[in-house]
Amino acid sequence: MPKQIPVLVFLVIFAMVGCSPRTPAPPPPELFSPPSHYPVGTNPTDLEIADLNQDGLSDLITSNFGSNDLSALLGTADGTFLEPVRSPVAVQPKSFAVGRFDADPYPDIAVIHYSEPILMILAGDGNGQFHEIQREDLKKTATSIAAADFNHDQKLDLVVTLILDRVLIFSGDGRGRFAATHTFDPGDTPTSVLPAHLNGDDHWDLLIANDGLMAPGVAVFRGKGDGTFEKLQDHKTRLRPLILSSGDYNLDGKPDLVVIYNSRSTLALFLGRGDGTFEDGINFGSEGGPTSALWGDYNRDGKPDVLITNNLNNKFSVHFGNGDGTFIYPPASFPAGQGPFSTVHGKFSRDGLDGLAIANNVGNTVSVFFTREHVSAEKK
C-alpha cells in the first residue's frame, strides 16, 4: 500500500459519522504479543514483505527517507530478524514496489523518491542487498508506485503517479528493465495508486486517490488487459483522499475501499458493487494521524477488521468490524514505536504463525508483533 511524506503534524479531529453506536466489547487482553524492535535506516516511510533469499521465510524491507537507502531484515525460523542489510538509493526514497522483475528467483525493487524525479530499478542478489540496474528520469516528482502484470505477458509492470496530473505505465521485459508505454491523466493531484481486480474480468484495474483542492476524489480506471486503462468512475469526495487500501469488509466477495483523507482525522469505507464502481463513502474517525490501513480479522470472530497506524500518538488501532461494512467504536489501541507509518502482516516463522510489522518513522525502527495464536502457543 503507498505511503506519504514523514514527520508531518496535523490537527486531529474525531469524526463519528458512520460508526456503530453500540458499546464495544473489550478487545481480547492479548490480541498481540509485546513487540520486538529492530533498527533500520533513518525515517522509514515504506515497509514491504518478501522472501528475499528464498529460504521460505518472510523478510522485511524499508525505504529510509532520511538516510537515502533501503534496509532489509532477513527473517529466521523462530520469527526474529537479523541485523539490517543496507542498500543505497537516490535522495529521499519515498516508497517502492517489490517483485520478481528478472529471471532469477530473488525479489527486486522499484523505488520512487521525493527530492528527485527518479525511478530506480534495483536487482536483488539473494542476501538482502540490491544493486541499481536502471534509472529513469520521470521529469516530475513521483507520488506513488505499484507493480502488477497489466498486459498478461507474465512479466511484472509498474504504475507510477506523478505530482499534479499524470500516470505512467512501465512495461517490464522480464529481464529487469522497464519502458514507459502508456500515460494518462488521472485527475487532480494523484497521491496513491492501488491495483485491484474490481469487476471479475481478470484484468488489473486501478484506483487512484486525487488530493487536489479543485477536484478531490477517487478515480477508477478499468484495465483493458493490454496495459492500457479507461476511466470507469470518478467518485468526488468532500475531503481530499490521500491513501488507499482494499479489502472485503461486508463479506459479499466484492472488493471494498478504505480511504485515508488528507485531513489526517477521518477515514472512509467505500463498498464495492462488483462492477468496478463504489457506493458513497461511510466516514469513521481516526485516533491520531492515520498513515496506513490493513484488512484482516484480528480478533478471530469471522468479521473483517481494519488496522490503522497513527503516527501522532505512537499507536496502532484496530476497528473491529460488524461484518456489514460498519465498525465498532471506539477502536482498540495498542502501543507501537515512535511515529508508526507503514505496516504489513504475514507469516514470520517456520511454524507459519501470524505476525504484524510496523515501520516507525521517528523511532527509526520496525516493530514486530505476533498475533494471539503465537501468544497462546508460547504459554502452552
# chains A, B, ... in the order shown; residues from 1 in each chain; ligands from 1
$ select_by_dssp --residues "segment 141-319 of chain A" --states "strand (DSSP E or B)" --output "MDAnalysis selection string"
chainID A and resid 142:148 157:162 166:172 178:184 190:196 205:210 217:223 229:236 241:247 256:261 266:270 272 278 282:285 290:296 305:310 315:319
$ closest_atom_pairs --of "segment 121-158 of chain A" --to "segment 105-112 of chain A" --cutoff "10 Å" --atoms "only C-alpha atoms" --output "tab-separated table"
residue	atom	partner	partner_atom	distance
A:Ile121	CA	A:Ala110	CA	4.5
A:Leu122	CA	A:Ile109	CA	5.2
A:Ala123	CA	A:Asp108	CA	4.6
A:Gly124	CA	A:Asp108	CA	4.8
A:Asp125	CA	A:Tyr106	CA	6.6
A:Gly126	CA	A:Tyr106	CA	5.5
A:Asn127	CA	A:Tyr106	CA	9.0
A:Gly128	CA	A:Tyr106	CA	9.4
A:Gln129	CA	A:Asp108	CA	9.7
A:Phe130	CA	A:Asp108	CA	7.4
A:His131	CA	A:Asp108	CA	9.3
A:Glu132	CA	A:Ile109	CA	9.3
A:Gln134	CA	A:Ala110	CA	9.4
A:Arg135	CA	A:Ala110	CA	9.7
A:Glu136	CA	A:Ile112	CA	10.0
A:Leu138	CA	A:Ile112	CA	9.5
A:Thr141	CA	A:Ile112	CA	8.4
A:Ala142	CA	A:Ile112	CA	6.2
A:Thr143	CA	A:Ile112	CA	7.7
A:Ser144	CA	A:Ile112	CA	7.4
A:Ile145	CA	A:Ile112	CA	7.2
A:Ala146	CA	A:Ala110	CA	8.7
A:Ala147	CA	A:Ala110	CA	8.6
A:Leu158	CA	A:Ala110	CA	8.3
$ write_last_selection --atoms "N, CA and C atoms" --output "compact mmCIF listing (two decimals), in the first residue's frame"
# COMPACT_ATOMS: atom_id res chain seq x y z
N ILE A 121 15.40 1.10 -10.55
CA ILE A 121 15.17 -0.34 -10.53
C ILE A 121 16.41 -1.00 -9.95
N LEU A 122 16.20 -1.80 -8.91
CA LEU A 122 17.32 -2.47 -8.23
C LEU A 122 17.08 -3.97 -8.22
N ALA A 123 18.12 -4.72 -8.58
CA ALA A 123 18.03 -6.18 -8.61
C ALA A 123 18.48 -6.74 -7.27
N GLY A 124 17.71 -7.69 -6.74
CA GLY A 124 18.08 -8.36 -5.51
C GLY A 124 19.10 -9.45 -5.77
N ASP A 125 20.07 -9.59 -4.84
CA ASP A 125 21.12 -10.60 -5.04
C ASP A 125 20.93 -11.84 -4.19
N GLY A 126 19.83 -11.91 -3.43
CA GLY A 126 19.55 -13.11 -2.65
C GLY A 126 20.05 -13.09 -1.24
N ASN A 127 20.74 -12.03 -0.83
CA ASN A 127 21.21 -11.95 0.56
C ASN A 127 20.74 -10.67 1.25
N GLY A 128 19.75 -10.00 0.64
CA GLY A 128 19.20 -8.79 1.24
C GLY A 128 19.75 -7.51 0.66
N GLN A 129 20.75 -7.59 -0.21
CA GLN A 129 21.29 -6.40 -0.85
C GLN A 129 20.70 -6.23 -2.24
N PHE A 130 20.72 -4.96 -2.72
CA PHE A 130 20.17 -4.62 -4.02
C PHE A 130 21.16 -3.71 -4.75
N HIS A 131 21.26 -3.88 -6.06
CA HIS A 131 22.13 -3.02 -6.85
C HIS A 131 21.35 -2.46 -8.03
N GLU A 132 21.66 -1.22 -8.37
CA GLU A 132 20.93 -0.49 -9.40
C GLU A 132 21.22 -1.08 -10.78
N GLN A 134 18.80 0.15 -13.46
CA GLN A 134 18.15 1.10 -14.36
C GLN A 134 17.74 2.33 -13.57
N ARG A 135 17.84 3.50 -14.23
CA ARG A 135 17.41 4.76 -13.63
C ARG A 135 16.67 5.56 -14.70
N GLU A 136 15.44 5.96 -14.39
CA GLU A 136 14.61 6.69 -15.33
C GLU A 136 14.31 8.09 -14.78
N LEU A 138 11.84 10.88 -14.49
CA LEU A 138 10.39 10.99 -14.62
C LEU A 138 9.92 12.40 -14.95
N THR A 141 8.03 14.93 -9.90
CA THR A 141 8.12 14.14 -8.68
C THR A 141 7.06 13.04 -8.67
N ALA A 142 7.46 11.83 -8.36
CA ALA A 142 6.52 10.71 -8.25
C ALA A 142 5.87 10.72 -6.87
N THR A 143 4.61 10.29 -6.82
CA THR A 143 3.88 10.28 -5.55
C THR A 143 3.52 8.88 -5.08
N SER A 144 3.44 7.90 -5.98
CA SER A 144 3.15 6.53 -5.56
C SER A 144 3.56 5.57 -6.66
N ILE A 145 3.69 4.30 -6.29
CA ILE A 145 4.13 3.27 -7.23
C ILE A 145 3.52 1.93 -6.83
N ALA A 146 3.27 1.08 -7.82
CA ALA A 146 2.79 -0.28 -7.58
C ALA A 146 3.21 -1.15 -8.75
N ALA A 147 3.23 -2.47 -8.52
CA ALA A 147 3.61 -3.43 -9.54
C ALA A 147 2.51 -4.45 -9.74
N LEU A 158 4.92 -1.75 -14.01
CA LEU A 158 4.85 -0.74 -12.95
C LEU A 158 3.86 0.34 -13.31
$ closest_atom_pairs --of "segment 329-351 of chain A" --to "segment 359-367 of chain A" --cutoff "9 Å" --atoms "only C-alpha atoms" --output "CSV"
residue,atom,partner,partner_atom,distance
A:Ala336,CA,A:Ser367,CA,6.9
A:Gly337,CA,A:Asn360,CA,5.6
A:Gln338,CA,A:Gly363,CA,4.6
A:Gly339,CA,A:Val362,CA,4.9
A:Pro340,CA,A:Asn360,CA,4.1
A:Phe341,CA,A:Asn360,CA,5.6
A:Ser342,CA,A:Ala359,CA,5.3
A:Thr343,CA,A:Ala359,CA,6.3
A:Val344,CA,A:Ala359,CA,9.0
$ atom_distance --atom1 "atom CA of Leu47 of chain A" --atom2 "atom CA of Tyr114 of chain A"
16.2 Å
$ closest_atom_pairs --of "segment 304-376 of chain A" --to "segment 240-252 of chain A" --cutoff "7 Å" --atoms "only C-alpha atoms" --output "CSV"
residue,atom,partner,partner_atom,distance
A:Pro304,CA,A:Tyr249,CA,5.4
A:Gly323,CA,A:Asn250,CA,5.0
A:Asp324,CA,A:Asn250,CA,4.2
A:Gly325,CA,A:Asn250,CA,4.6
$ write_last_selection --atoms "C-alpha atoms" --output "short mmCIF file (atom, residue, chain, number, x, y, z; two decimals), in the first residue's frame"
data_model
loop_
_atom_site.label_atom_id
_atom_site.label_comp_id
_atom_site.auth_asym_id
_atom_site.auth_seq_id
_atom_site.Cartn_x
_atom_site.Cartn_y
_atom_site.Cartn_z
CA PRO A 304 -13.17 -8.31 8.82
CA GLY A 323 -19.41 -7.84 9.10
CA ASP A 324 -21.67 -5.42 7.23
CA GLY A 325 -19.21 -2.65 6.40
#
$ residues_around --residues "Leu74 of chain A" --least-positions-apart "3" --cutoff "12 Å" --atoms "only C-alpha atoms" --output "MDAnalysis selection string"
chainID A and resid 38 40 49:62 71 77:86 126:129 348:349
$ closest_residue --among "A:Leu312, A:Ile169, A:Val160, A:Val306" --to "Glu287 of chain A" --atoms "only C-alpha atoms"
A:Leu312
$ atom_distance --atom1 "atom CA of Phe170 of chain A" --atom2 "atom CA of Ile118 of chain A"
13.4 Å
$ residues_around --residues "segment 276-279 of chain A" --least-positions-apart "6" --cutoff "10 Å" --atoms "only C-alpha atoms" --output "number ranges by chain"
A: 196-200, 205-207, 218-222, 232-235, 254-257, 269-270
$ write_last_selection --atoms "N, CA, C and O atoms" --output "compact mmCIF listing (two decimals), in the first residue's frame"
# COMPACT_ATOMS: atom_id res chain seq x y z
N ALA A 196 -6.16 -3.40 -8.41
CA ALA A 196 -7.15 -4.30 -7.81
C ALA A 196 -7.96 -4.95 -8.92
O ALA A 196 -8.09 -4.41 -10.01
N HIS A 197 -8.49 -6.14 -8.62
CA HIS A 197 -9.44 -6.79 -9.52
C HIS A 197 -10.84 -6.39 -9.06
O HIS A 197 -11.34 -6.87 -8.05
N LEU A 198 -11.48 -5.52 -9.80
CA LEU A 198 -12.72 -4.91 -9.34
C LEU A 198 -13.98 -5.46 -9.98
O LEU A 198 -15.06 -5.39 -9.38
N ASN A 199 -13.89 -6.00 -11.20
CA ASN A 199 -15.11 -6.35 -11.92
C ASN A 199 -15.15 -7.77 -12.45
O ASN A 199 -16.00 -8.11 -13.27
N GLY A 200 -14.24 -8.63 -12.00
CA GLY A 200 -14.32 -10.04 -12.35
C GLY A 200 -13.84 -10.41 -13.73
O GLY A 200 -14.06 -11.55 -14.16
N ASP A 205 -7.31 -3.55 -12.59
CA ASP A 205 -7.85 -2.20 -12.64
C ASP A 205 -7.02 -1.31 -11.71
O ASP A 205 -6.21 -1.80 -10.92
N LEU A 206 -7.26 0.00 -11.79
CA LEU A 206 -6.51 0.94 -10.96
C LEU A 206 -7.46 1.85 -10.19
O LEU A 206 -8.41 2.39 -10.75
N LEU A 207 -7.18 2.01 -8.90
CA LEU A 207 -7.83 3.00 -8.06
C LEU A 207 -6.81 4.09 -7.77
O LEU A 207 -5.68 3.80 -7.38
N VAL A 218 -11.81 9.89 -5.77
CA VAL A 218 -11.19 8.61 -6.11
C VAL A 218 -11.61 8.23 -7.52
O VAL A 218 -12.81 8.13 -7.82
N ALA A 219 -10.64 8.07 -8.39
CA ALA A 219 -10.90 7.71 -9.78
C ALA A 219 -10.68 6.20 -9.96
O ALA A 219 -9.71 5.65 -9.45
N VAL A 220 -11.59 5.57 -10.69
CA VAL A 220 -11.50 4.15 -11.01
C VAL A 220 -11.22 4.01 -12.50
O VAL A 220 -11.97 4.52 -13.33
N PHE A 221 -10.14 3.32 -12.83
CA PHE A 221 -9.78 3.07 -14.22
C PHE A 221 -9.85 1.57 -14.50
O PHE A 221 -9.21 0.78 -13.81
N ARG A 222 -10.63 1.22 -15.50
CA ARG A 222 -10.78 -0.19 -15.88
C ARG A 222 -9.62 -0.62 -16.76
O ARG A 222 -9.30 0.03 -17.76
N LEU A 232 -13.59 4.57 -15.49
CA LEU A 232 -14.89 3.96 -15.27
C LEU A 232 -15.74 4.78 -14.31
O LEU A 232 -16.96 4.88 -14.48
N GLN A 233 -15.12 5.38 -13.30
CA GLN A 233 -15.85 6.17 -12.32
C GLN A 233 -14.92 7.24 -11.75
O GLN A 233 -13.74 7.00 -11.54
N ASP A 234 -15.48 8.43 -11.52
CA ASP A 234 -14.76 9.50 -10.85
C ASP A 234 -15.60 9.90 -9.64
O ASP A 234 -16.55 10.66 -9.76
N HIS A 235 -15.23 9.33 -8.51
CA HIS A 235 -16.03 9.48 -7.29
C HIS A 235 -15.56 10.71 -6.53
O HIS A 235 -14.55 10.68 -5.85
N LYS A 254 -16.88 -8.87 -2.86
CA LYS A 254 -16.53 -7.76 -3.74
C LYS A 254 -15.55 -6.83 -3.02
O LYS A 254 -15.74 -6.53 -1.85
N PRO A 255 -14.50 -6.40 -3.71
CA PRO A 255 -13.51 -5.53 -3.06
C PRO A 255 -14.12 -4.21 -2.61
O PRO A 255 -14.87 -3.57 -3.36
N ASP A 256 -13.82 -3.82 -1.39
CA ASP A 256 -14.20 -2.52 -0.85
C ASP A 256 -12.94 -1.68 -0.69
O ASP A 256 -11.82 -2.17 -0.83
N LEU A 257 -13.13 -0.41 -0.39
CA LEU A 257 -12.02 0.53 -0.38
C LEU A 257 -12.03 1.35 0.90
O LEU A 257 -13.05 1.94 1.27
N LEU A 269 -15.03 4.24 4.35
CA LEU A 269 -15.16 2.94 3.69
C LEU A 269 -16.12 3.09 2.53
O LEU A 269 -17.27 3.53 2.71
N PHE A 270 -15.66 2.73 1.32
CA PHE A 270 -16.48 2.72 0.12
C PHE A 270 -16.77 1.26 -0.23
O PHE A 270 -15.85 0.50 -0.53
$ residues_around --residues "Asn68 of chain A" --least-positions-apart "3" --cutoff "9 Å" --atoms "only C-alpha atoms" --output "ChimeraX atom specification"
/A:41-42,63-65,87-93
$ write_last_selection --atoms "N, CA, C and O atoms" --output "PDB file, in the first residue's frame"
ATOM      1  N   GLY A  41      17.129   2.145   8.812  1.00  0.00           N
ATOM      2  CA  GLY A  41      17.699   3.440   8.490  1.00  0.00           C
ATOM      3  C   GLY A  41      16.894   4.576   9.107  1.00  0.00           C
ATOM      4  O   GLY A  41      15.988   4.361   9.919  1.00  0.00           O
ATOM      5  N   THR A  42      17.201   5.789   8.688  1.00  0.00           N
ATOM      6  CA  THR A  42      16.583   6.975   9.258  1.00  0.00           C
ATOM      7  C   THR A  42      15.267   7.311   8.565  1.00  0.00           C
ATOM      8  O   THR A  42      15.203   7.381   7.337  1.00  0.00           O
ATOM      9  N   SER A  63      12.099   1.519   3.006  1.00  0.00           N
ATOM     10  CA  SER A  63      12.765   2.640   2.344  1.00  0.00           C
ATOM     11  C   SER A  63      12.947   3.728   3.377  1.00  0.00           C
ATOM     12  O   SER A  63      12.004   4.087   4.094  1.00  0.00           O
ATOM     13  N   ASN A  64      14.160   4.262   3.472  1.00  0.00           N
ATOM     14  CA  ASN A  64      14.523   5.167   4.553  1.00  0.00           C
ATOM     15  C   ASN A  64      14.747   6.576   4.018  1.00  0.00           C
ATOM     16  O   ASN A  64      15.769   6.878   3.399  1.00  0.00           O
ATOM     17  N   PHE A  65      13.759   7.428   4.258  1.00  0.00           N
ATOM     18  CA  PHE A  65      13.712   8.780   3.721  1.00  0.00           C
ATOM     19  C   PHE A  65      14.912   9.617   4.164  1.00  0.00           C
ATOM     20  O   PHE A  65      15.453  10.408   3.389  1.00  0.00           O
ATOM     21  N   SER A  87      21.199  -0.893   1.487  1.00  0.00           N
ATOM     22  CA  SER A  87      21.497  -0.679   0.074  1.00  0.00           C
ATOM     23  C   SER A  87      21.207   0.778  -0.264  1.00  0.00           C
ATOM     24  O   SER A  87      20.108   1.273   0.018  1.00  0.00           O
ATOM     25  N   PRO A  88      22.151   1.510  -0.868  1.00  0.00           N
ATOM     26  CA  PRO A  88      21.919   2.919  -1.183  1.00  0.00           C
ATOM     27  C   PRO A  88      20.955   3.102  -2.346  1.00  0.00           C
ATOM     28  O   PRO A  88      20.896   2.276  -3.270  1.00  0.00           O
ATOM     29  N   VAL A  89      20.190   4.217  -2.292  1.00  0.00           N
ATOM     30  CA  VAL A  89      19.351   4.636  -3.407  1.00  0.00           C
ATOM     31  C   VAL A  89      19.572   6.138  -3.597  1.00  0.00           C
ATOM     32  O   VAL A  89      20.554   6.694  -3.109  1.00  0.00           O
ATOM     33  N   ALA A  90      18.674   6.820  -4.326  1.00  0.00           N
ATOM     34  CA  ALA A  90      18.814   8.253  -4.528  1.00  0.00           C
ATOM     35  C   ALA A  90      18.273   9.012  -3.310  1.00  0.00           C
ATOM     36  O   ALA A  90      17.883   8.412  -2.304  1.00  0.00           O
ATOM     37  N   VAL A  91      18.218  10.335  -3.412  1.00  0.00           N
ATOM     38  CA  VAL A  91      17.892  11.188  -2.265  1.00  0.00           C
ATOM     39  C   VAL A  91      16.416  11.062  -1.887  1.00  0.00           C
ATOM     40  O   VAL A  91      15.534  11.161  -2.731  1.00  0.00           O
ATOM     41  N   GLN A  92      16.167  10.817  -0.625  1.00  0.00           N
ATOM     42  CA  GLN A  92      14.842  10.761  -0.016  1.00  0.00           C
ATOM     43  C   GLN A  92      13.895   9.768  -0.714  1.00  0.00           C
ATOM     44  O   GLN A  92      12.907  10.148  -1.326  1.00  0.00           O
ATOM     45  N   PRO A  93      14.202   8.472  -0.614  1.00  0.00           N
ATOM     46  CA  PRO A  93      13.266   7.471  -1.150  1.00  0.00           C
ATOM     47  C   PRO A  93      11.938   7.545  -0.413  1.00  0.00           C
ATOM     48  O   PRO A  93      11.897   7.632   0.812  1.00  0.00           O
TER      49      PRO A  93
END
$ closest_residue --among "A:Asn310, A:Pro330, A:Lys155, A:Leu267" --to "Arg175 of chain A" --atoms "only C-alpha atoms"
A:Lys155
$ closest_residue --among "A:Asn151, A:Lys347, A:Asp354, A:Phe284" --to "Ile328 of chain A" --atoms "only C-alpha atoms"
A:Phe284
$ atom_distance --atom1 "atom CA of Asp149 of chain A" --atom2 "atom CA of Ala103 of chain A"
15.1 Å
$ decode --residues "segment 333-369 of chain A" --atoms "N, CA and C atoms" --output "compact mmCIF listing (two decimals), in the first residue's frame"
# COMPACT_ATOMS: atom_id res chain seq x y z
N SER A 333 -6.75 0.21 20.94
CA SER A 333 -5.45 0.83 20.65
C SER A 333 -4.32 0.05 21.29
N PHE A 334 -3.18 0.04 20.60
CA PHE A 334 -2.00 -0.70 21.06
C PHE A 334 -0.77 0.17 20.84
N PRO A 335 0.19 0.15 21.74
CA PRO A 335 1.40 0.96 21.57
C PRO A 335 2.29 0.41 20.46
N ALA A 336 2.84 1.31 19.69
CA ALA A 336 3.82 0.96 18.66
C ALA A 336 5.12 1.68 19.00
N GLY A 337 5.97 1.89 18.00
CA GLY A 337 7.16 2.69 18.21
C GLY A 337 6.85 4.16 18.00
N GLN A 338 7.87 4.96 17.81
CA GLN A 338 7.69 6.39 17.61
C GLN A 338 7.38 6.70 16.16
N GLY A 339 6.20 7.29 15.94
CA GLY A 339 5.81 7.67 14.59
C GLY A 339 5.50 6.49 13.69
N PRO A 340 4.60 5.57 14.09
CA PRO A 340 4.27 4.43 13.21
C PRO A 340 3.71 4.93 11.88
N PHE A 341 4.23 4.37 10.79
CA PHE A 341 3.97 4.98 9.49
C PHE A 341 3.49 4.01 8.43
N SER A 342 3.94 2.78 8.47
CA SER A 342 3.59 1.80 7.43
C SER A 342 3.55 0.43 8.07
N THR A 343 2.69 -0.44 7.55
CA THR A 343 2.53 -1.74 8.20
C THR A 343 2.26 -2.85 7.19
N VAL A 344 2.67 -4.07 7.54
CA VAL A 344 2.38 -5.27 6.76
C VAL A 344 2.09 -6.40 7.73
N HIS A 345 1.39 -7.42 7.25
CA HIS A 345 1.28 -8.63 8.05
C HIS A 345 1.60 -9.83 7.18
N GLY A 346 1.99 -10.93 7.85
CA GLY A 346 2.38 -12.12 7.13
C GLY A 346 2.76 -13.23 8.09
N LYS A 347 3.38 -14.27 7.56
CA LYS A 347 3.88 -15.39 8.35
C LYS A 347 5.36 -15.16 8.64
N PHE A 348 5.70 -15.00 9.91
CA PHE A 348 7.04 -14.59 10.28
C PHE A 348 7.87 -15.70 10.92
N SER A 349 7.43 -16.95 10.86
CA SER A 349 8.22 -18.01 11.47
C SER A 349 8.07 -19.29 10.65
N ARG A 350 8.92 -20.26 10.93
CA ARG A 350 8.85 -21.54 10.25
C ARG A 350 7.54 -22.25 10.54
N ASP A 351 6.96 -21.98 11.70
CA ASP A 351 5.68 -22.58 12.06
C ASP A 351 4.49 -21.91 11.37
N GLY A 352 4.74 -20.83 10.65
CA GLY A 352 3.66 -20.16 9.94
C GLY A 352 2.77 -19.32 10.83
N LEU A 353 3.29 -18.86 11.97
CA LEU A 353 2.49 -18.05 12.88
C LEU A 353 2.37 -16.63 12.35
N ASP A 354 1.18 -16.05 12.55
CA ASP A 354 0.89 -14.73 12.01
C ASP A 354 1.66 -13.64 12.74
N GLY A 355 2.19 -12.70 11.97
CA GLY A 355 2.91 -11.57 12.54
C GLY A 355 2.46 -10.26 11.93
N LEU A 356 2.75 -9.18 12.62
CA LEU A 356 2.45 -7.83 12.19
C LEU A 356 3.73 -7.01 12.35
N ALA A 357 4.09 -6.25 11.32
CA ALA A 357 5.28 -5.40 11.38
C ALA A 357 4.90 -3.97 11.07
N ILE A 358 5.49 -3.03 11.81
CA ILE A 358 5.21 -1.61 11.64
C ILE A 358 6.53 -0.85 11.55
N ALA A 359 6.67 -0.04 10.50
CA ALA A 359 7.84 0.83 10.38
C ALA A 359 7.56 2.14 11.11
N ASN A 360 8.47 2.50 12.02
CA ASN A 360 8.31 3.69 12.85
C ASN A 360 9.20 4.81 12.32
N ASN A 361 8.55 5.83 11.76
CA ASN A 361 9.26 6.87 11.03
C ASN A 361 10.15 7.73 11.92
N VAL A 362 9.73 8.01 13.14
CA VAL A 362 10.51 8.83 14.05
C VAL A 362 11.52 7.98 14.84
N GLY A 363 11.11 6.78 15.22
CA GLY A 363 11.98 5.92 16.01
C GLY A 363 13.04 5.18 15.23
N ASN A 364 12.96 5.20 13.87
CA ASN A 364 13.95 4.53 13.01
C ASN A 364 14.03 3.03 13.31
N THR A 365 12.87 2.43 13.53
CA THR A 365 12.80 1.00 13.85
C THR A 365 11.64 0.36 13.10
N VAL A 366 11.67 -0.96 13.09
CA VAL A 366 10.50 -1.77 12.72
C VAL A 366 10.09 -2.56 13.95
N SER A 367 8.82 -2.44 14.33
CA SER A 367 8.28 -3.20 15.46
C SER A 367 7.55 -4.42 14.93
N VAL A 368 7.86 -5.58 15.50
CA VAL A 368 7.27 -6.84 15.07
C VAL A 368 6.45 -7.43 16.21
N PHE A 369 5.19 -7.71 15.91
CA PHE A 369 4.26 -8.31 16.86
C PHE A 369 3.83 -9.67 16.33
